[in-house]
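See below for query_13.csv, which holds CSV, N, CA and C atoms.
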```
chain,number,residue,atom,x,y,z
A,18,VAL,N,12.0,-14.2,0.7
A,18,VAL,CA,11.6,-12.8,0.7
A,18,VAL,C,10.5,-12.7,1.8
A,19,ARG,N,10.6,-11.7,2.6
A,19,ARG,CA,9.5,-11.4,3.6
A,19,ARG,C,9.1,-10.0,3.5
A,20,MET,N,7.8,-9.7,3.5
A,20,MET,CA,7.2,-8.4,3.5
A,20,MET,C,6.4,-8.3,4.8
A,21,VAL,N,6.6,-7.2,5.5
A,21,VAL,CA,5.8,-7.0,6.8
A,21,VAL,C,5.2,-5.6,6.8
A,22,GLU,N,3.9,-5.6,6.8
A,22,GLU,CA,3.2,-4.3,6.8
A,22,GLU,C,2.8,-3.9,8.3
A,23,SER,N,2.7,-2.7,8.5
A,23,SER,CA,2.3,-2.1,9.8
A,23,SER,C,1.6,-0.8,9.6
A,24,GLY,N,1.0,-0.3,10.7
A,24,GLY,CA,0.5,1.1,10.7
A,24,GLY,C,-1.0,1.2,10.5
A,25,GLY,N,-1.7,0.0,10.3
A,25,GLY,CA,-3.2,0.1,10.2
A,25,GLY,C,-3.8,0.4,11.5
A,26,GLY,N,-5.1,0.6,11.4
A,26,GLY,CA,-5.9,0.9,12.6
A,26,GLY,C,-7.3,1.5,12.3
A,27,LEU,N,-7.9,2.0,13.3
A,27,LEU,CA,-9.3,2.6,13.2
A,27,LEU,C,-9.1,4.1,13.1
A,28,VAL,N,-9.8,4.7,12.1
A,28,VAL,CA,-9.7,6.1,12.0
A,28,VAL,C,-11.1,6.6,11.5
A,29,GLN,N,-11.4,7.8,11.8
A,29,GLN,CA,-12.7,8.4,11.4
A,29,GLN,C,-12.6,8.9,10.0
A,30,PRO,N,-13.7,9.0,9.3
A,30,PRO,CA,-13.7,9.6,7.9
A,30,PRO,C,-13.0,10.9,7.9
A,31,GLY,N,-12.2,11.1,6.9
A,31,GLY,CA,-11.4,12.4,6.8
A,31,GLY,C,-10.1,12.3,7.5
A,32,GLY,N,-9.8,11.3,8.2
A,32,GLY,CA,-8.6,11.1,8.9
A,32,GLY,C,-7.4,10.6,8.1
A,33,SER,N,-6.3,10.4,8.7
A,33,SER,CA,-5.1,9.9,8.0
A,33,SER,C,-4.4,8.7,8.7
A,34,LEU,N,-3.7,8.0,7.9
A,34,LEU,CA,-2.9,6.9,8.4
A,34,LEU,C,-1.7,6.8,7.5
A,35,ARG,N,-0.6,6.3,8.1
A,35,ARG,CA,0.6,6.0,7.3
A,35,ARG,C,0.9,4.5,7.5
A,36,LEU,N,0.9,3.8,6.4
A,36,LEU,CA,1.3,2.4,6.4
A,36,LEU,C,2.7,2.2,6.1
A,37,SER,N,3.4,1.2,6.7
A,37,SER,CA,4.8,0.9,6.4
A,37,SER,C,4.9,-0.5,5.9
A,38,CYS,N,5.9,-0.8,5.1
A,38,CYS,CA,6.2,-2.1,4.6
A,38,CYS,C,7.7,-2.3,4.6
A,39,VAL,N,8.1,-3.2,5.4
A,39,VAL,CA,9.6,-3.5,5.5
A,39,VAL,C,9.8,-4.9,4.7
A,40,ALA,N,10.7,-4.9,3.8
A,40,ALA,CA,11.0,-6.0,3.0
A,40,ALA,C,12.4,-6.5,3.3
A,41,THR,N,12.6,-7.8,3.4
A,41,THR,CA,13.9,-8.4,3.6
A,41,THR,C,14.0,-9.6,2.6
A,42,GLY,N,15.3,-9.9,2.4
A,42,GLY,CA,15.6,-11.1,1.5
A,42,GLY,C,15.5,-10.8,0.0
A,43,LEU,N,15.6,-9.5,-0.3
A,43,LEU,CA,15.6,-9.1,-1.8
A,43,LEU,C,16.4,-7.9,-1.9
A,44,ALA,N,16.8,-7.6,-3.2
A,44,ALA,CA,17.5,-6.4,-3.5
A,44,ALA,C,16.4,-5.3,-3.7
A,45,PHE,N,16.0,-4.7,-2.6
A,45,PHE,CA,14.8,-3.9,-2.5
A,45,PHE,C,14.8,-2.8,-3.5
A,46,SER,N,15.9,-2.1,-3.7
A,46,SER,CA,16.0,-1.0,-4.6
A,46,SER,C,15.7,-1.3,-6.0
A,47,ALA,N,15.8,-2.6,-6.4
A,47,ALA,CA,15.6,-3.0,-7.8
A,47,ALA,C,14.2,-3.4,-8.1
A,48,TYR,N,13.3,-3.4,-7.1
A,48,TYR,CA,11.9,-3.9,-7.2
A,48,TYR,C,10.9,-2.8,-7.3
A,49,ASN,N,9.8,-3.1,-8.1
A,49,ASN,CA,8.6,-2.4,-7.9
A,49,ASN,C,8.0,-2.8,-6.5
A,50,ILE,N,7.5,-1.8,-5.8
A,50,ILE,CA,6.7,-2.1,-4.6
A,50,ILE,C,5.3,-1.7,-4.8
A,51,ASN,N,4.4,-2.6,-4.6
A,51,ASN,CA,2.9,-2.4,-4.9
A,51,ASN,C,2.2,-2.5,-3.5
A,52,TRP,N,1.1,-1.7,-3.5
A,52,TRP,CA,0.2,-1.8,-2.4
A,52,TRP,C,-1.2,-2.3,-3.0
A,53,HIS,N,-1.8,-3.2,-2.4
A,53,HIS,CA,-3.1,-3.7,-2.8
A,53,HIS,C,-4.0,-3.7,-1.5
A,54,ARG,N,-5.3,-3.9,-1.7
A,54,ARG,CA,-6.2,-4.0,-0.6
A,54,ARG,C,-7.3,-4.9,-0.9
A,55,GLN,N,-7.9,-5.5,0.2
A,55,GLN,CA,-9.0,-6.4,0.0
A,55,GLN,C,-10.1,-6.0,1.0
A,56,ALA,N,-11.2,-5.5,0.5
A,56,ALA,CA,-12.3,-5.1,1.4
A,56,ALA,C,-13.1,-6.3,1.7
A,57,PRO,N,-13.9,-6.3,2.8
A,57,PRO,CA,-14.7,-7.4,3.2
A,57,PRO,C,-15.6,-7.9,2.1
A,58,GLY,N,-15.5,-9.2,1.7
A,58,GLY,CA,-16.4,-9.7,0.7
A,58,GLY,C,-16.0,-9.4,-0.7
A,59,LYS,N,-14.9,-8.8,-0.9
A,59,LYS,CA,-14.5,-8.4,-2.2
A,59,LYS,C,-13.1,-9.0,-2.6
A,60,GLY,N,-12.7,-8.9,-3.8
A,60,GLY,CA,-11.4,-9.4,-4.3
A,60,GLY,C,-10.3,-8.4,-4.0
A,61,LEU,N,-9.1,-8.9,-4.3
A,61,LEU,CA,-7.9,-8.0,-4.1
A,61,LEU,C,-7.9,-6.9,-5.2
A,62,GLU,N,-7.6,-5.7,-4.7
A,62,GLU,CA,-7.7,-4.5,-5.6
A,62,GLU,C,-6.3,-3.8,-5.5
A,63,TRP,N,-5.8,-3.5,-6.7
A,63,TRP,CA,-4.5,-2.7,-6.7
A,63,TRP,C,-4.8,-1.3,-6.3
A,64,VAL,N,-3.8,-0.7,-5.5
A,64,VAL,CA,-3.9,0.6,-5.0
A,64,VAL,C,-2.9,1.5,-5.6
A,65,SER,N,-1.6,1.1,-5.5
A,65,SER,CA,-0.5,2.0,-5.9
A,65,SER,C,0.8,1.2,-6.1
A,66,THR,N,1.6,1.8,-7.0
A,66,THR,CA,2.9,1.2,-7.2
A,66,THR,C,4.0,2.3,-7.2
A,67,ILE,N,5.2,1.9,-6.7
A,67,ILE,CA,6.3,2.8,-6.9
A,67,ILE,C,7.4,2.0,-7.5
A,68,HIS,N,8.0,2.6,-8.6
A,68,HIS,CA,9.0,1.9,-9.3
A,68,HIS,C,10.4,2.2,-8.7
A,69,PRO,N,11.4,1.4,-9.1
A,69,PRO,CA,12.8,1.8,-8.7
A,69,PRO,C,13.0,3.2,-9.4
A,70,GLY,N,13.6,4.0,-8.6
A,70,GLY,CA,13.8,5.4,-9.1
A,70,GLY,C,12.7,6.3,-8.7
A,71,GLY,N,11.5,5.8,-8.3
A,71,GLY,CA,10.5,6.7,-7.7
A,71,GLY,C,9.3,7.0,-8.5
A,72,ARG,N,9.1,6.5,-9.7
A,72,ARG,CA,7.9,6.7,-10.4
A,72,ARG,C,6.7,6.1,-9.7
A,73,GLU,N,5.6,7.0,-9.5
A,73,GLU,CA,4.5,6.6,-8.7
A,73,GLU,C,3.2,6.4,-9.6
A,74,LEU,N,2.5,5.3,-9.3
A,74,LEU,CA,1.2,5.1,-10.0
A,74,LEU,C,0.1,4.9,-9.0
A,75,TYR,N,-1.1,5.3,-9.3
A,75,TYR,CA,-2.2,5.2,-8.4
A,75,TYR,C,-3.5,4.8,-9.1
A,76,ASP,N,-4.3,4.0,-8.4
A,76,ASP,CA,-5.7,3.8,-8.9
A,76,ASP,C,-6.4,5.1,-8.8
A,77,GLU,N,-7.4,5.3,-9.7
A,77,GLU,CA,-8.2,6.5,-9.7
A,77,GLU,C,-8.9,6.8,-8.3
A,78,SER,N,-9.3,5.7,-7.7
A,78,SER,CA,-10.0,5.9,-6.4
A,78,SER,C,-9.2,6.5,-5.3
A,79,VAL,N,-7.9,6.5,-5.4
A,79,VAL,CA,-7.1,7.0,-4.3
A,79,VAL,C,-6.2,8.2,-4.7
A,80,LYS,N,-6.2,8.5,-6.0
A,80,LYS,CA,-5.4,9.5,-6.6
A,80,LYS,C,-5.7,10.9,-5.9
A,81,GLY,N,-4.7,11.6,-5.4
A,81,GLY,CA,-4.9,12.8,-4.8
A,81,GLY,C,-5.1,12.7,-3.3
A,82,ARG,N,-5.3,11.5,-2.8
A,82,ARG,CA,-5.5,11.3,-1.3
A,82,ARG,C,-4.3,10.4,-0.8
A,83,PHE,N,-3.8,9.5,-1.5
A,83,PHE,CA,-2.8,8.6,-1.1
A,83,PHE,C,-1.5,9.0,-1.7
A,84,THR,N,-0.4,8.8,-1.0
A,84,THR,CA,1.0,9.0,-1.5
A,84,THR,C,1.9,7.8,-1.2
A,85,ILE,N,2.5,7.2,-2.2
A,85,ILE,CA,3.4,6.1,-2.0
A,85,ILE,C,4.8,6.7,-2.0
A,86,SER,N,5.7,6.1,-1.2
A,86,SER,CA,7.1,6.5,-1.2
A,86,SER,C,7.9,5.3,-0.8
A,87,ARG,N,9.2,5.4,-1.0
A,87,ARG,CA,10.1,4.4,-0.6
A,87,ARG,C,11.4,4.9,0.0
A,88,ASP,N,12.0,4.2,0.9
A,88,ASP,CA,13.3,4.5,1.4
A,88,ASP,C,14.2,3.3,1.2
A,89,ASP,N,15.0,3.3,0.2
A,89,ASP,CA,15.7,2.1,-0.2
A,89,ASP,C,16.8,1.8,0.9
A,90,ALA,N,17.3,2.8,1.6
A,90,ALA,CA,18.3,2.6,2.6
A,90,ALA,C,17.7,1.7,3.8
A,91,LYS,N,16.4,1.8,3.9
A,91,LYS,CA,15.7,1.1,5.0
A,91,LYS,C,14.9,-0.1,4.5
A,92,ASN,N,15.0,-0.4,3.2
A,92,ASN,CA,14.1,-1.4,2.6
A,92,ASN,C,12.7,-1.3,3.0
A,93,THR,N,12.2,-0.1,2.9
A,93,THR,CA,10.8,0.3,3.4
A,93,THR,C,10.1,1.1,2.4
A,94,SER,N,8.8,0.7,2.2
A,94,SER,CA,7.9,1.5,1.5
A,94,SER,C,6.8,2.1,2.4
A,95,TYR,N,6.3,3.2,2.1
A,95,TYR,CA,5.2,3.8,2.9
A,95,TYR,C,4.0,4.1,2.0
A,96,LEU,N,2.8,4.1,2.6
A,96,LEU,CA,1.6,4.6,2.0
A,96,LEU,C,0.9,5.6,2.9
A,97,GLN,N,1.1,6.8,2.6
A,97,GLN,CA,0.4,7.9,3.3
A,97,GLN,C,-1.0,8.0,2.8
A,98,MET,N,-2.0,7.9,3.7
A,98,MET,CA,-3.4,7.9,3.3
A,98,MET,C,-4.1,9.0,4.0
A,99,ASN,N,-4.5,10.0,3.2
A,99,ASN,CA,-5.2,11.2,3.8
A,99,ASN,C,-6.7,11.2,3.3
A,100,ASN,N,-7.5,12.0,4.0
A,100,ASN,CA,-8.9,12.1,3.7
A,100,ASN,C,-9.5,10.7,3.5
A,101,LEU,N,-9.4,9.9,4.4
A,101,LEU,CA,-9.8,8.5,4.3
A,101,LEU,C,-11.4,8.5,4.3
A,102,LYS,N,-11.9,7.5,3.5
A,102,LYS,CA,-13.3,7.3,3.3
A,102,LYS,C,-13.7,6.0,3.8
A,103,THR,N,-15.0,5.8,4.1
A,103,THR,CA,-15.4,4.5,4.6
A,103,THR,C,-15.1,3.4,3.6
A,104,GLU,N,-15.1,3.7,2.4
A,104,GLU,CA,-14.9,2.7,1.3
A,104,GLU,C,-13.4,2.3,1.2
A,105,ASP,N,-12.5,3.0,2.0
A,105,ASP,CA,-11.1,2.6,2.0
A,105,ASP,C,-10.9,1.5,3.1
A,106,THR,N,-11.9,1.1,3.8
A,106,THR,CA,-11.8,0.0,4.8
A,106,THR,C,-11.4,-1.3,4.1
A,107,ALA,N,-10.3,-1.9,4.5
A,107,ALA,CA,-9.8,-3.1,3.9
A,107,ALA,C,-8.6,-3.5,4.6
A,108,VAL,N,-8.1,-4.7,4.3
A,108,VAL,CA,-6.8,-5.2,4.6
A,108,VAL,C,-5.8,-4.8,3.5
A,109,TYR,N,-4.8,-4.1,3.9
A,109,TYR,CA,-3.8,-3.5,3.0
A,109,TYR,C,-2.6,-4.4,3.0
A,110,TYR,N,-2.1,-4.7,1.8
A,110,TYR,CA,-0.9,-5.6,1.6
A,110,TYR,C,0.1,-4.9,0.8
A,111,CYS,N,1.4,-5.1,1.1
A,111,CYS,CA,2.4,-4.7,0.2
A,111,CYS,C,3.0,-5.9,-0.5
A,112,ALA,N,3.5,-5.8,-1.7
A,112,ALA,CA,3.9,-6.9,-2.5
A,112,ALA,C,4.9,-6.5,-3.6
A,113,THR,N,5.7,-7.4,-4.0
A,113,THR,CA,6.5,-7.2,-5.2
A,113,THR,C,5.6,-7.6,-6.4
A,114,GLY,N,6.1,-7.4,-7.6
A,114,GLY,CA,5.3,-7.8,-8.7
A,114,GLY,C,4.9,-6.5,-9.5
A,115,THR,N,3.6,-6.5,-10.0
A,115,THR,CA,3.1,-5.4,-10.7
A,115,THR,C,1.7,-5.2,-10.2
A,116,SER,N,1.0,-4.3,-10.9
A,116,SER,CA,-0.4,-4.0,-10.5
A,116,SER,C,-1.3,-5.2,-10.6
A,117,ASP,N,-1.0,-6.1,-11.5
A,117,ASP,CA,-1.9,-7.3,-11.7
A,117,ASP,C,-1.2,-8.6,-11.5
A,118,TYR,N,0.0,-8.6,-11.0
A,118,TYR,CA,0.7,-9.8,-10.6
A,118,TYR,C,1.3,-9.7,-9.2
A,119,ILE,N,0.9,-10.6,-8.3
A,119,ILE,CA,1.4,-10.5,-7.0
A,119,ILE,C,2.6,-11.4,-6.8
A,120,GLY,N,3.7,-10.9,-6.5
A,120,GLY,CA,4.9,-11.6,-6.2
A,120,GLY,C,4.9,-12.1,-4.8
A,121,SER,N,5.8,-11.6,-4.0
A,121,SER,CA,5.9,-11.9,-2.5
A,121,SER,C,5.0,-10.9,-1.8
A,122,ARG,N,4.2,-11.3,-0.9
A,122,ARG,CA,3.2,-10.5,-0.3
A,122,ARG,C,3.3,-10.7,1.2
A,123,GLY,N,3.0,-9.6,2.0
A,123,GLY,CA,3.0,-9.7,3.4
A,123,GLY,C,1.6,-10.2,3.9
A,124,GLN,N,1.5,-10.2,5.3
A,124,GLN,CA,0.3,-10.7,5.9
A,124,GLN,C,-0.8,-9.7,6.0
A,125,GLY,N,-0.5,-8.4,5.7
A,125,GLY,CA,-1.5,-7.4,5.6
A,125,GLY,C,-1.7,-6.7,6.9
A,126,THR,N,-2.3,-5.5,6.8
A,126,THR,CA,-2.6,-4.7,8.0
A,126,THR,C,-4.0,-4.1,7.8
A,127,GLN,N,-4.8,-4.2,8.8
A,127,GLN,CA,-6.2,-3.8,8.7
A,127,GLN,C,-6.4,-2.3,8.9
A,128,VAL,N,-7.1,-1.7,7.9
A,128,VAL,CA,-7.5,-0.3,8.0
A,128,VAL,C,-9.0,-0.2,8.1
A,129,THR,N,-9.5,0.4,9.1
A,129,THR,CA,-11.0,0.6,9.3
A,129,THR,C,-11.3,2.0,9.4
A,130,VAL,N,-12.1,2.5,8.5
A,130,VAL,CA,-12.6,3.9,8.5
A,130,VAL,C,-14.0,3.9,8.9
A,131,SER,N,-14.3,4.5,10.1
A,131,SER,CA,-15.6,4.5,10.6
A,131,SER,C,-15.8,5.6,11.6
A,132,SER,N,-17.0,6.1,11.7
A,132,SER,CA,-17.3,7.1,12.7
A,132,SER,C,-17.9,6.4,13.9
```

Would you give me this structure, written as structure tokens?
Amino acid sequence: VRMVESGGGLVQPGGSLRLSCVATGLAFSAYNINWHRQAPGKGLEWVSTIHPGGRELYDESVKGRFTISRDDAKNTSYLQMNNLKTEDTAVYYCATGTSDYIGSRGQGTQVTVSS
């Protein structure tokens, strides 16, 4: 299984980014896809999950600002991040598994929110 994230970058507070995660080597449509993040000096934090069929779950810190989605035909998940805050600065990872279990994980993409 291989997970590859992209779409990170530097953005000002209040800005937006869309992260992508392409997965290969698995029956993508059958898997939960999770997004996690790790801020400098902190542990890994769960952000969001999308279940097969589309049920979405969010951590309270991002609810109303982030939207997770999936395109099973493209083996891809997206994380649309709006109204970004400085505290959203982190390396963002997509992974199989659950909110508290990391299955296969990508190498991450850096998101920096700064003026």

Range 70-80 of chain A: which residues within 9 Å, counting only C-alpha atoms, same-chain residues fewer than 4 positions away excluded, as a list in words?
->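 After dropping sequence-adjacent residues, the list is Ser46, Ala47, Trp63, Val64, Ser65, Thr66, Thr84, Ile85, Ser86, Arg87, Met98 and Asp105 of chain A.
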
Which of these, A:Gly24, A:Pro57, A:Gly125, A:Gly32, has the shortest distance to Thr106 in chain A once you count only N, CA and C atoms?
-> A:Pro57

In range 34-74 of chain A, DSSP strand (DSSP E) residues written as a PyMOL selection string = chain A and resi 34-41+50-55+61-67+73-74

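Closest approach to Lys102 in chain A among A:Phe83, A:Lys59, A:Asn49, A:Thr41: A:Phe83, based on only C-alpha atoms.
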
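In this structure, CA of Arg35 in chain A sits 7.2 Å away from atom C of Ser23 in chain A.
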
Of the candidates A:Thr115, A:Asn92, A:Thr103, A:Ser37, which shows the shortest atom-to-atom distance to Gly25 in chain A, using all atoms listed in the file?
->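 Smallest separation from Gly25 in chain A among the options: A:Ser37.
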
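As for atom N of Gln29 in chain A and CA of Arg54 in chain A, they are spaced 17.9 Å apart.
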
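Among the candidates A:Glu104, A:Gln97, A:Thr113, A:Ile119, the one nearest to Ser131 in chain A when counting all atoms listed in the file is A:Glu104.
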
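Every protein, DNA or RNA residue with an atom at most 5 Å from Thr129 in chain A, where only N, CA and C atoms count and chain neighbours fewer than 4 positions away do not, is listed here: Gly26, Leu27, Val28 and Thr106 of chain A.
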
Could you give me, as a PyMOL selection string, each residue of chain A that DSSP assigns to helix (DSSP H, G or I) when run on this structure's backbone?
-> chain A and resi 45-47+89-91+103-105

Please provide as a VMD selection string all residues within 6.5 Å of Met20 in chain A, with the sequence filter that same-chain residues fewer than 5 positions apart are discarded (counting only N, CA and C atoms).
-> chain A and resid 38 to 41 111 121 to 124

Proximity to Pro69 in chain A - best of A:Ala112, A:Tyr48, A:Leu36, A:Thr126, only N, CA and C atoms | A:Tyr48

Rounded to one decimal place, report the CA of Ser116 in chain A-CA of Ile50 in chain A distance in Å.
->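 Here the two named atoms are 9.4 Å from each other.
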